[in-house]
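What follows is the content of run-v8.tsv (TSV, C-alpha atoms (C1' of nucleotides)).
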```tsv
chain	number	residue	atom	x	y	z
A	1	MET	CA	0.00	0.00	0.00
A	2	PRO	CA	2.78	2.48	0.64
A	3	SER	CA	3.66	4.68	-2.26
A	4	SER	CA	6.09	3.05	-4.62
A	5	ASP	CA	8.91	5.47	-3.95
A	6	VAL	CA	9.29	3.94	-0.51
A	7	PRO	CA	12.28	1.58	-0.58
A	8	LEU	CA	11.43	-2.05	-1.19
A	9	TYR	CA	12.89	-3.23	2.09
A	10	LEU	CA	10.69	-0.81	4.03
A	11	GLN	CA	7.58	-1.87	2.15
A	12	LEU	CA	8.46	-5.48	2.91
A	13	ALA	CA	9.15	-4.66	6.56
A	14	ALA	CA	5.74	-2.97	6.81
A	15	THR	CA	4.02	-6.03	5.38
A	16	LEU	CA	5.78	-8.38	7.76
A	17	ARG	CA	5.15	-6.06	10.72
A	18	GLU	CA	1.46	-6.08	9.93
A	19	ARG	CA	1.38	-9.85	9.87
A	20	ILE	CA	3.06	-9.96	13.26
A	21	GLN	CA	0.67	-7.43	14.76
A	22	GLU	CA	-2.33	-9.24	13.30
A	23	GLY	CA	-1.11	-12.56	14.60
A	24	VAL	CA	-0.55	-14.18	11.21
A	25	TYR	CA	2.94	-14.75	12.57
A	26	SER	CA	2.36	-15.31	16.26
A	27	ALA	CA	4.49	-14.68	19.32
A	28	GLY	CA	7.12	-17.27	20.08
A	29	LYS	CA	6.75	-18.91	16.69
A	30	PRO	CA	9.05	-18.71	13.67
A	31	ILE	CA	8.34	-16.63	10.59
A	32	PRO	CA	9.13	-18.07	7.13
A	33	PHE	CA	12.71	-18.61	6.01
A	34	GLU	CA	14.49	-15.86	4.15
A	35	ALA	CA	14.34	-17.87	0.94
A	36	ALA	CA	10.58	-18.29	1.26
A	37	ILE	CA	10.13	-14.55	1.76
A	38	CYS	CA	12.30	-13.90	-1.31
A	39	ASP	CA	10.08	-16.19	-3.34
A	40	GLU	CA	6.78	-14.87	-2.03
A	41	HIS	CA	7.65	-11.24	-2.66
A	42	GLY	CA	9.95	-11.62	-5.63
A	43	VAL	CA	12.86	-9.76	-4.10
A	44	GLY	CA	16.50	-10.52	-3.48
A	45	ARG	CA	17.94	-11.87	-0.28
A	46	MET	CA	19.57	-8.58	0.69
A	47	THR	CA	16.22	-6.83	0.58
A	48	VAL	CA	14.69	-9.48	2.82
A	49	ARG	CA	17.60	-9.30	5.23
A	50	ARG	CA	17.32	-5.52	5.48
A	51	ALA	CA	13.61	-5.78	6.15
A	52	LEU	CA	14.26	-8.33	8.91
A	53	ALA	CA	16.94	-6.03	10.33
A	54	VAL	CA	14.33	-3.28	10.62
A	55	LEU	CA	12.01	-5.55	12.58
A	56	ARG	CA	14.87	-6.79	14.73
A	57	GLU	CA	15.84	-3.23	15.62
A	58	GLU	CA	12.24	-2.51	16.53
A	59	GLY	CA	12.40	-5.44	18.92
A	60	LEU	CA	9.74	-7.43	17.06
A	61	ILE	CA	11.75	-10.49	16.10
A	62	ARG	CA	14.87	-12.31	17.18
A	63	THR	CA	17.11	-14.17	14.77
A	64	LYS	CA	19.45	-17.07	15.43
A	65	ARG	CA	22.06	-18.12	12.94
A	66	GLY	CA	21.01	-21.32	11.25
A	67	GLY	CA	17.39	-21.00	12.30
A	68	ALA	CA	14.40	-18.96	11.30
A	69	SER	CA	13.57	-15.62	12.91
A	70	VAL	CA	11.14	-15.89	15.80
A	71	VAL	CA	8.47	-13.41	16.85
A	72	ARG	CA	9.50	-12.02	20.21
A	73	ALA	CA	6.99	-12.60	22.96
A	74	GLU	CA	6.26	-9.73	25.26
A	75	CYS	CA	8.29	-10.18	28.44
A	76	VAL	CA	6.76	-10.17	31.87
A	77	ARG	CA	7.95	-6.86	33.27
A	78	GLU	CA	9.32	-6.52	36.73
A	79	THR	CA	8.06	-3.36	38.44
A	80	LEU	CA	10.70	-0.98	39.67
A	81	ILE	CA	10.18	2.03	41.88
A	82	LEU	CA	11.94	5.27	41.03
A	83	GLN	CA	12.69	6.85	44.39
A	84	GLN	CA	12.72	10.55	45.02
A	85	ASN	CA	15.59	12.24	43.19
A	86	ASP	CA	16.68	9.06	41.46
A	87	ARG	CA	17.47	9.96	37.87
A	88	LEU	CA	16.78	7.74	34.88
A	89	ILE	CA	17.92	7.91	31.28
A	90	GLY	CA	17.29	5.61	28.36
A	91	ARG	CA	19.77	4.83	25.60
A	92	MET	CA	20.92	2.03	23.35
A	93	PRO	CA	23.51	-0.30	24.84
A	94	SER	CA	26.92	-0.87	23.37
A	95	ARG	CA	27.70	-4.33	22.04
A	96	GLU	CA	29.52	-5.12	25.25
A	97	GLU	CA	26.63	-4.09	27.46
A	98	ARG	CA	24.36	-6.19	25.28
A	99	SER	CA	26.29	-9.35	25.98
A	100	GLU	CA	26.82	-8.50	29.66
A	101	LEU	CA	23.12	-8.04	30.23
A	102	SER	CA	21.97	-10.64	27.67
A	103	LEU	CA	20.05	-8.01	25.77
A	104	ASP	CA	18.49	-8.81	22.43
A	105	VAL	CA	19.03	-6.50	19.51
A	106	GLY	CA	16.42	-3.76	19.58
A	107	VAL	CA	16.13	-3.58	23.35
A	108	PRO	CA	17.11	-0.26	24.94
A	109	LEU	CA	18.91	0.18	28.23
A	110	LEU	CA	17.48	2.01	31.23
A	111	GLU	CA	20.12	3.49	33.48
A	112	VAL	CA	19.09	4.52	36.99
A	113	HIS	CA	21.38	6.84	38.92
A	114	ARG	CA	20.54	6.55	42.60
A	115	VAL	CA	20.87	9.41	45.02
A	116	ASP	CA	23.63	7.51	46.79
A	117	GLY	CA	25.77	7.61	43.65
A	118	THR	CA	25.27	4.05	42.53
A	119	THR	CA	24.10	3.21	39.03
A	120	GLU	CA	21.96	0.31	37.93
A	121	ARG	CA	21.22	-0.81	34.39
A	122	PHE	CA	18.14	-2.68	33.21
A	123	ALA	CA	16.88	-4.27	30.04
A	124	ALA	CA	14.04	-1.99	28.98
A	125	ASP	CA	11.83	-4.90	27.97
A	126	ARG	CA	12.00	-6.51	31.38
A	127	VAL	CA	11.12	-3.61	33.65
A	128	GLU	CA	8.39	-1.08	34.14
A	129	ILE	CA	9.29	2.00	36.13
A	130	ILE	CA	6.78	3.44	38.55
A	131	GLY	CA	6.82	6.76	40.35
A	132	HIS	CA	6.96	6.65	44.11
Q	1	MET	CA	42.63	-5.98	19.72
Q	2	PRO	CA	39.71	-8.32	19.36
Q	3	SER	CA	40.43	-11.90	18.46
Q	4	SER	CA	40.45	-12.48	14.74
Q	5	ASP	CA	37.32	-14.61	14.78
Q	6	VAL	CA	35.31	-11.50	15.51
Q	7	PRO	CA	33.61	-10.36	12.30
Q	8	LEU	CA	35.48	-7.70	10.37
Q	9	TYR	CA	32.65	-5.20	10.58
Q	10	LEU	CA	32.57	-5.47	14.37
Q	11	GLN	CA	36.32	-5.02	14.63
Q	12	LEU	CA	36.03	-1.97	12.43
Q	13	ALA	CA	33.09	-0.65	14.45
Q	14	ALA	CA	35.12	-1.06	17.63
Q	15	THR	CA	38.02	0.90	16.15
Q	16	LEU	CA	35.78	3.73	15.02
Q	17	ARG	CA	33.91	3.76	18.34
Q	18	GLU	CA	37.22	4.13	20.15
Q	19	ARG	CA	38.17	7.08	18.00
Q	20	ILE	CA	34.86	8.75	18.74
Q	21	GLN	CA	35.17	8.18	22.47
Q	22	GLU	CA	38.76	9.40	22.48
Q	23	GLY	CA	37.83	12.49	20.52
Q	24	VAL	CA	39.84	11.68	17.41
Q	25	TYR	CA	36.49	12.13	15.68
Q	26	SER	CA	34.82	14.82	17.71
Q	27	ALA	CA	31.20	15.63	18.41
Q	28	GLY	CA	29.34	17.49	15.72
Q	29	LYS	CA	32.06	16.90	13.17
Q	30	PRO	CA	32.13	14.45	10.27
Q	31	ILE	CA	34.05	11.20	10.21
Q	32	PRO	CA	35.89	10.15	7.03
Q	33	PHE	CA	33.97	9.12	3.91
Q	34	GLU	CA	33.08	5.49	3.40
Q	35	ALA	CA	35.61	5.21	0.59
Q	36	ALA	CA	38.38	6.59	2.80
Q	37	ILE	CA	37.55	4.06	5.51
Q	38	CYS	CA	37.59	1.28	2.93
Q	39	ASP	CA	41.06	2.35	1.85
Q	40	GLU	CA	42.48	2.86	5.34
Q	41	HIS	CA	41.37	-0.55	6.58
Q	42	GLY	CA	41.51	-2.51	3.36
Q	43	VAL	CA	37.92	-3.74	3.48
Q	44	GLY	CA	34.96	-3.63	1.16
Q	45	ARG	CA	32.28	-1.01	1.21
Q	46	MET	CA	29.66	-3.34	2.66
Q	47	THR	CA	31.86	-4.03	5.65
Q	48	VAL	CA	32.28	-0.30	6.25
Q	49	ARG	CA	28.55	0.29	5.90
Q	50	ARG	CA	27.73	-2.46	8.37
Q	51	ALA	CA	30.21	-1.00	10.86
Q	52	LEU	CA	28.63	2.44	10.48
Q	53	ALA	CA	25.19	0.86	10.93
Q	54	VAL	CA	26.35	-0.54	14.27
Q	55	LEU	CA	27.46	2.90	15.45
Q	56	ARG	CA	24.26	4.47	14.16
Q	57	GLU	CA	22.16	1.97	16.10
Q	58	GLU	CA	24.18	2.76	19.20
Q	59	GLY	CA	23.28	6.38	18.71
Q	60	LEU	CA	26.90	7.46	18.18
Q	61	ILE	CA	26.67	8.84	14.65
Q	62	ARG	CA	24.08	10.18	12.27
Q	63	THR	CA	24.31	9.70	8.51
Q	64	LYS	CA	22.96	11.92	5.81
Q	65	ARG	CA	22.65	10.74	2.25
Q	66	GLY	CA	25.22	12.47	0.10
Q	67	GLY	CA	27.28	13.65	3.05
Q	68	ALA	CA	29.63	12.09	5.54
Q	69	SER	CA	28.44	10.61	8.85
Q	70	VAL	CA	28.57	13.04	11.74
Q	71	VAL	CA	29.38	12.31	15.36
Q	72	ARG	CA	26.23	12.93	17.35
Q	73	ALA	CA	26.58	15.55	20.04
Q	74	GLU	CA	25.08	14.76	23.41
Q	75	CYS	CA	21.70	16.50	23.62
Q	76	VAL	CA	20.79	18.83	26.42
Q	77	ARG	CA	18.28	16.82	28.40
Q	78	GLU	CA	15.05	18.25	29.64
Q	79	THR	CA	14.25	17.08	33.15
Q	80	LEU	CA	10.95	15.34	33.60
Q	81	ILE	CA	9.30	14.40	36.86
Q	82	LEU	CA	7.75	10.97	37.22
Q	83	GLN	CA	4.75	11.52	39.49
Q	84	GLN	CA	3.51	9.00	41.96
Q	85	ASN	CA	2.05	5.93	40.23
Q	86	ASP	CA	3.01	7.17	36.77
Q	87	ARG	CA	4.36	4.19	34.89
Q	88	LEU	CA	7.22	4.34	32.41
Q	89	ILE	CA	8.50	1.85	29.86
Q	90	GLY	CA	11.30	2.09	27.33
Q	91	ARG	CA	11.26	0.55	23.88
Q	92	MET	CA	12.38	1.16	20.32
Q	93	PRO	CA	10.04	3.25	18.21
Q	94	SER	CA	8.47	2.07	15.01
Q	95	ARG	CA	9.47	3.83	11.80
Q	96	GLU	CA	6.30	5.90	11.99
Q	97	GLU	CA	6.95	7.03	15.55
Q	98	ARG	CA	10.48	7.93	14.52
Q	99	SER	CA	9.30	10.37	11.89
Q	100	GLU	CA	6.48	11.71	14.08
Q	101	LEU	CA	8.86	12.52	16.90
Q	102	SER	CA	11.87	13.33	14.68
Q	103	LEU	CA	13.90	10.60	16.33
Q	104	ASP	CA	17.28	9.65	14.98
Q	105	VAL	CA	18.12	6.01	14.42
Q	106	GLY	CA	19.42	4.52	17.64
Q	107	VAL	CA	17.31	6.64	19.96
Q	108	PRO	CA	14.85	4.74	22.17
Q	109	LEU	CA	11.40	5.90	23.12
Q	110	LEU	CA	10.23	6.53	26.68
Q	111	GLU	CA	6.52	6.08	27.16
Q	112	VAL	CA	4.92	7.55	30.28
Q	113	HIS	CA	1.47	6.34	31.26
Q	114	ARG	CA	-0.05	8.89	33.60
Q	115	VAL	CA	-2.44	7.99	36.37
Q	116	ASP	CA	-5.19	9.86	34.55
Q	117	GLY	CA	-4.94	7.48	31.61
Q	118	THR	CA	-3.03	9.74	29.23
Q	119	THR	CA	0.18	8.62	27.56
Q	120	GLU	CA	3.15	10.75	26.58
Q	121	ARG	CA	6.11	9.71	24.48
Q	122	PHE	CA	9.60	11.19	24.63
Q	123	ALA	CA	12.84	10.89	22.73
Q	124	ALA	CA	15.13	9.14	25.20
Q	125	ASP	CA	18.10	11.34	24.30
Q	126	ARG	CA	16.26	14.53	25.12
Q	127	VAL	CA	14.89	13.77	28.57
Q	128	GLU	CA	16.07	12.73	31.97
Q	129	ILE	CA	13.47	11.27	34.29
Q	130	ILE	CA	13.58	12.13	37.95
Q	131	GLY	CA	11.69	10.58	40.84
Q	132	HIS	CA	9.34	12.82	42.72
R	1	DC	C1'	24.85	-39.27	18.79
R	2	DC	C1'	26.56	-38.26	14.16
R	3	DG	C1'	26.53	-36.30	9.91
R	4	DG	C1'	24.56	-34.20	6.12
R	5	DA	C1'	21.23	-30.82	4.59
R	6	DT	C1'	19.40	-26.52	5.57
R	7	DT	C1'	19.59	-21.77	6.89
R	8	DT	C1'	21.48	-17.71	8.52
R	9	DG	C1'	25.98	-14.74	8.82
R	10	DT	C1'	29.85	-12.57	6.68
R	11	DA	C1'	32.17	-10.41	2.83
R	12	DC	C1'	32.80	-9.00	-1.61
R	13	DG	C1'	31.33	-7.09	-6.34
R	14	DT	C1'	28.41	-4.34	-9.59
R	15	DA	C1'	25.01	-1.18	-11.12
R	16	DT	C1'	21.91	2.53	-10.59
R	17	DG	C1'	19.25	6.13	-8.00
R	18	DT	C1'	19.31	10.41	-5.29
R	19	DA	C1'	20.61	13.96	-2.06
R	20	DT	C1'	24.29	17.01	-0.83
R	21	DT	C1'	28.27	19.73	-1.79
H	1	DG	C1'	24.71	21.98	-13.32
H	2	DA	C1'	28.53	18.70	-12.28
H	3	DA	C1'	30.89	15.98	-9.11
H	4	DT	C1'	30.73	13.59	-4.96
H	5	DA	C1'	29.07	10.36	-1.66
H	6	DC	C1'	25.51	7.84	0.43
H	7	DA	C1'	21.20	4.50	-0.45
H	8	DT	C1'	19.08	0.80	-2.68
H	9	DA	C1'	19.14	-3.66	-4.77
H	10	DC	C1'	20.67	-7.23	-7.41
H	11	DG	C1'	24.31	-11.01	-7.56
H	12	DT	C1'	28.15	-14.61	-5.83
H	13	DA	C1'	30.80	-17.47	-2.56
H	14	DC	C1'	31.91	-19.50	1.60
H	15	DA	C1'	31.62	-20.01	6.92
H	16	DA	C1'	29.16	-21.34	10.89
H	17	DA	C1'	25.24	-22.67	13.50
H	18	DT	C1'	21.06	-25.21	13.66
H	19	DC	C1'	17.90	-28.89	12.42
H	20	DC	C1'	16.66	-33.45	11.34
H	21	DG	C1'	16.91	-38.12	9.81
```

With the file now loaded, output its structure as structure tokens.
Amino acid sequence: MPSSDVPLYLQLAATLRERIQEGVYSAGKPIPFEAAICDEHGVGRMTVRRALAVLREEGLIRTKRGGASVVRAECVRETLILQQNDRLIGRMPSREERSELSLDVGVPLLEVHRVDGTTERFAADRVEIIGH
Amino acid sequence: MPSSDVPLYLQLAATLRERIQEGVYSAGKPIPFEAAICDEHGVGRMTVRRALAVLREEGLIRTKRGGASVVRAECVRETLILQQNDRLIGRMPSREERSELSLDVGVPLLEVHRVDGTTERFAADRVEIIGH
DNA sequence: CCGGATTTGTACGTATGTATT
DNA sequence: GAATACATACGTACAAATCCG
């Protein structure tokens, strides 16, 4: 549906995103192989891979080498209280922080600076912050 | 000096990230052209582009078509108070939200659900949340 | 449990489009 | 308007991880 001057990989990403949100591809289950997507949409593998990268960076899918991409299930979020004068910022983690905290691609980092000077870091998809 | 079984594009990304953090490439100023990076490191253009994509997704650089990538300057953050029982979650924005809120690639979204049922969304690089 | 087939990841090349300088 | 440099999109080949019989 998007106008045709939108790059192919974005049009494809939009189509796949829709299918995820409508449950055609459901949470926890794999989406079709790259080759199948190439065939279905008549595009090259690079275009498919870029489209999947978009969805990965949006946190919608997770990809393992050698296996199909899987629709990410919504995590159960731990509730976290932000105490008075605690400061919080959100940002993307570096590669190192990603492996330290076992973060998937497309998951931001929440950094809480406590009044006492300590800092804690959380995977944004596993916590919900609540005002005290 | 990462071990040599680390993908080329990640080794290159690490090198460039170091230079940014050490100020060799300084905030607000452009880094070398893709072609120059190819030459300096003896790698193909795709490898350079993937390395730059890594840095972009980490929020370290911004790329304009037709011009060199620029080192992102740290934004001045507006302070925002999280009221009692306000709930906050962090996630990556969709492409649509990115254009609505003028978010750069690599900038997460902070979503605040107020007690009164309203929801506000903020660019994570432009706010700092503080507990009330 | 092993091994081969399958599938994704990396890396390169080429050509063309398009925005910036 | 021309040159430059990034963006898209096709292709190939091989490596590495997973899956399955």

Subject >> Within 10 Å of DT4 in chain H using only C-alpha atoms (C1' of nucleotides), minus same-chain residues under 6 positions, as JSON, numbers by chain >> reply: {"Q": [66, 67], "R": [20, 21]}

**OP:** Considering only C-alpha atoms (C1' of nucleotides), return as a ChimeraX atom specification whatever protein or nucleic-acid residues lie within 12 Å of range 1-6 of chain R, sequence-local ones (same chain, fewer than 3 positions apart) excluded.
**Re:** /A:33-35,65-68 /H:17-21

Kindly export the residues of the current selection with C-alpha atoms (C1' of nucleotides), as a PDB file, in the coordinates of the input.
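The result, stored in selection13.pdb:
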```
ATOM      1  CA  PHE A  33      12.710 -18.610   6.010  1.00  0.00           C
ATOM      2  CA  GLU A  34      14.490 -15.860   4.150  1.00  0.00           C
ATOM      3  CA  ALA A  35      14.340 -17.870   0.940  1.00  0.00           C
ATOM      4  CA  ARG A  65      22.060 -18.120  12.940  1.00  0.00           C
ATOM      5  CA  GLY A  66      21.010 -21.320  11.250  1.00  0.00           C
ATOM      6  CA  GLY A  67      17.390 -21.000  12.300  1.00  0.00           C
ATOM      7  CA  ALA A  68      14.400 -18.960  11.300  1.00  0.00           C
TER       8      ALA A  68
ATOM      9  C1'  DA H  17      25.240 -22.670  13.500  1.00  0.00           C
ATOM     10  C1'  DT H  18      21.060 -25.210  13.660  1.00  0.00           C
ATOM     11  C1'  DC H  19      17.900 -28.890  12.420  1.00  0.00           C
ATOM     12  C1'  DC H  20      16.660 -33.450  11.340  1.00  0.00           C
ATOM     13  C1'  DG H  21      16.910 -38.120   9.810  1.00  0.00           C
TER      14       DG H  21
END
```

Original post:
What lies within 12 Å of Asp86 in chain A using all atoms listed in the file, ignoring chain neighbours under 4 positions off, as a list in words?
Top reply: Leu80, Ile81, Leu82, Glu111, Val112, His113, Arg114, Val115, Asp116, Gly117, Thr118, Thr119, Glu120, Ile129, Ile130, Gly131 and His132 of chain A; Thr79, Leu80, Ile81, Leu82, Glu128, Ile129, Ile130, Gly131 and His132 of chain Q

Mind dumping a table of every chain A residue within 12 Å of chain H, with the nearest atom pair and its distance in Å to one decimal, using only C-alpha atoms (C1' of nucleotides), sorted by chain and rising number, as JSON lines?
```
{"residue": "A:Asp5", "atom": "CA", "partner": "H:DT8", "partner_atom": "C1'", "distance": 11.3}
{"residue": "A:Val6", "atom": "CA", "partner": "H:DT8", "partner_atom": "C1'", "distance": 10.5}
{"residue": "A:Pro7", "atom": "CA", "partner": "H:DT8", "partner_atom": "C1'", "distance": 7.2}
{"residue": "A:Leu8", "atom": "CA", "partner": "H:DT8", "partner_atom": "C1'", "distance": 8.3}
{"residue": "A:Tyr9", "atom": "CA", "partner": "H:DT8", "partner_atom": "C1'", "distance": 8.8}
{"residue": "A:Leu10", "atom": "CA", "partner": "H:DT8", "partner_atom": "C1'", "distance": 10.9}
{"residue": "A:Gly42", "atom": "CA", "partner": "H:DC10", "partner_atom": "C1'", "distance": 11.7}
{"residue": "A:Val43", "atom": "CA", "partner": "H:DA9", "partner_atom": "C1'", "distance": 8.8}
{"residue": "A:Gly44", "atom": "CA", "partner": "H:DC10", "partner_atom": "C1'", "distance": 6.6}
{"residue": "A:Arg45", "atom": "CA", "partner": "H:DC10", "partner_atom": "C1'", "distance": 8.9}
{"residue": "A:Met46", "atom": "CA", "partner": "H:DA9", "partner_atom": "C1'", "distance": 7.4}
{"residue": "A:Thr47", "atom": "CA", "partner": "H:DA9", "partner_atom": "C1'", "distance": 6.9}
{"residue": "A:Val48", "atom": "CA", "partner": "H:DA9", "partner_atom": "C1'", "distance": 10.5}
{"residue": "A:Arg49", "atom": "CA", "partner": "H:DA9", "partner_atom": "C1'", "distance": 11.6}
{"residue": "A:Arg50", "atom": "CA", "partner": "H:DT8", "partner_atom": "C1'", "distance": 10.5}
{"residue": "A:Thr63", "atom": "CA", "partner": "H:DT18", "partner_atom": "C1'", "distance": 11.8}
{"residue": "A:Lys64", "atom": "CA", "partner": "H:DA17", "partner_atom": "C1'", "distance": 8.3}
{"residue": "A:Arg65", "atom": "CA", "partner": "H:DA17", "partner_atom": "C1'", "distance": 5.6}
{"residue": "A:Gly66", "atom": "CA", "partner": "H:DT18", "partner_atom": "C1'", "distance": 4.6}
{"residue": "A:Gly67", "atom": "CA", "partner": "H:DT18", "partner_atom": "C1'", "distance": 5.7}
{"residue": "A:Ala68", "atom": "CA", "partner": "H:DT18", "partner_atom": "C1'", "distance": 9.4}
```

Save the residues we just selected, C-alpha atoms, as a PDB file, keeping the file's coordinate frame?
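Final output, saved to result32.pdb:
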```pdb
ATOM      1  CA  ASP A   5       8.910   5.470  -3.950  1.00  0.00           C
ATOM      2  CA  VAL A   6       9.290   3.940  -0.510  1.00  0.00           C
ATOM      3  CA  PRO A   7      12.280   1.580  -0.580  1.00  0.00           C
ATOM      4  CA  LEU A   8      11.430  -2.050  -1.190  1.00  0.00           C
ATOM      5  CA  TYR A   9      12.890  -3.230   2.090  1.00  0.00           C
ATOM      6  CA  LEU A  10      10.690  -0.810   4.030  1.00  0.00           C
ATOM      7  CA  GLY A  42       9.950 -11.620  -5.630  1.00  0.00           C
ATOM      8  CA  VAL A  43      12.860  -9.760  -4.100  1.00  0.00           C
ATOM      9  CA  GLY A  44      16.500 -10.520  -3.480  1.00  0.00           C
ATOM     10  CA  ARG A  45      17.940 -11.870  -0.280  1.00  0.00           C
ATOM     11  CA  MET A  46      19.570  -8.580   0.690  1.00  0.00           C
ATOM     12  CA  THR A  47      16.220  -6.830   0.580  1.00  0.00           C
ATOM     13  CA  VAL A  48      14.690  -9.480   2.820  1.00  0.00           C
ATOM     14  CA  ARG A  49      17.600  -9.300   5.230  1.00  0.00           C
ATOM     15  CA  ARG A  50      17.320  -5.520   5.480  1.00  0.00           C
ATOM     16  CA  THR A  63      17.110 -14.170  14.770  1.00  0.00           C
ATOM     17  CA  LYS A  64      19.450 -17.070  15.430  1.00  0.00           C
ATOM     18  CA  ARG A  65      22.060 -18.120  12.940  1.00  0.00           C
ATOM     19  CA  GLY A  66      21.010 -21.320  11.250  1.00  0.00           C
ATOM     20  CA  GLY A  67      17.390 -21.000  12.300  1.00  0.00           C
ATOM     21  CA  ALA A  68      14.400 -18.960  11.300  1.00  0.00           C
TER      22      ALA A  68
END
```

Within 7 Å of chain A, which residues of chain Q show up when using only C-alpha atoms, listed as an mmCIF file with C-alpha atoms, in the frame of the given file?
```cif
data_model
loop_
_atom_site.group_PDB
_atom_site.id
_atom_site.type_symbol
_atom_site.label_atom_id
_atom_site.label_comp_id
_atom_site.auth_asym_id
_atom_site.auth_seq_id
_atom_site.Cartn_x
_atom_site.Cartn_y
_atom_site.Cartn_z
ATOM 1 C CA GLU Q 58 24.180 2.760 19.200
ATOM 2 C CA GLY Q 59 23.280 6.380 18.710
ATOM 3 C CA LEU Q 82 7.750 10.970 37.220
ATOM 4 C CA GLN Q 83 4.750 11.520 39.490
ATOM 5 C CA GLN Q 84 3.510 9.000 41.960
ATOM 6 C CA ASN Q 85 2.050 5.930 40.230
ATOM 7 C CA ASP Q 86 3.010 7.170 36.770
ATOM 8 C CA ARG Q 87 4.360 4.190 34.890
ATOM 9 C CA LEU Q 88 7.220 4.340 32.410
ATOM 10 C CA ILE Q 89 8.500 1.850 29.860
ATOM 11 C CA GLY Q 90 11.300 2.090 27.330
ATOM 12 C CA ARG Q 91 11.260 0.550 23.880
ATOM 13 C CA MET Q 92 12.380 1.160 20.320
ATOM 14 C CA PRO Q 93 10.040 3.250 18.210
ATOM 15 C CA SER Q 94 8.470 2.070 15.010
ATOM 16 C CA GLY Q 106 19.420 4.520 17.640
ATOM 17 C CA VAL Q 107 17.310 6.640 19.960
ATOM 18 C CA PRO Q 108 14.850 4.740 22.170
ATOM 19 C CA ALA Q 124 15.130 9.140 25.200
ATOM 20 C CA ASP Q 125 18.100 11.340 24.300
ATOM 21 C CA GLU Q 128 16.070 12.730 31.970
ATOM 22 C CA ILE Q 129 13.470 11.270 34.290
ATOM 23 C CA ILE Q 130 13.580 12.130 37.950
ATOM 24 C CA GLY Q 131 11.690 10.580 40.840
ATOM 25 C CA HIS Q 132 9.340 12.820 42.720
#
```

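Distance annotation: of Q:Ser26, Q:Ala53, Q:Gln11, Q:Glu74, the residue with the minimal separation from His41 in chain Q is Q:Gln11; atom set is all atoms listed in the file.
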
Counting all atoms listed in the file, collect the residues of chain R whose closest atom lies at most 9 Å from chain Q, and write them out as a JSON list (two decimals) with C-alpha atoms (C1' of nucleotides), keeping the file's coordinate frame.
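Ended up saving to out_23.json:
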```json
[["chain", "number", "residue", "atom", "x", "y", "z"],
["R", 10, "DT", "C1'", 29.85, -12.57, 6.68],
["R", 11, "DA", "C1'", 32.17, -10.41, 2.83],
["R", 12, "DC", "C1'", 32.80, -9.00, -1.61],
["R", 18, "DT", "C1'", 19.31, 10.41, -5.29],
["R", 19, "DA", "C1'", 20.61, 13.96, -2.06],
["R", 20, "DT", "C1'", 24.29, 17.01, -0.83],
["R", 21, "DT", "C1'", 28.27, 19.73, -1.79]]
```

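Put simply, CA of Leu16 in chain Q is 8.4 Å away from CA of Ala51 in chain Q.
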
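Taking CA of Arg121 in chain A and CA of Glu78 in chain Q as the two end points, the separation is 20.6 Å.
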
Original post:
Do you have the CA of Leu52 in chain A-CA of Ala36 in chain Q distance handy?
Top reply: 29.0 Å
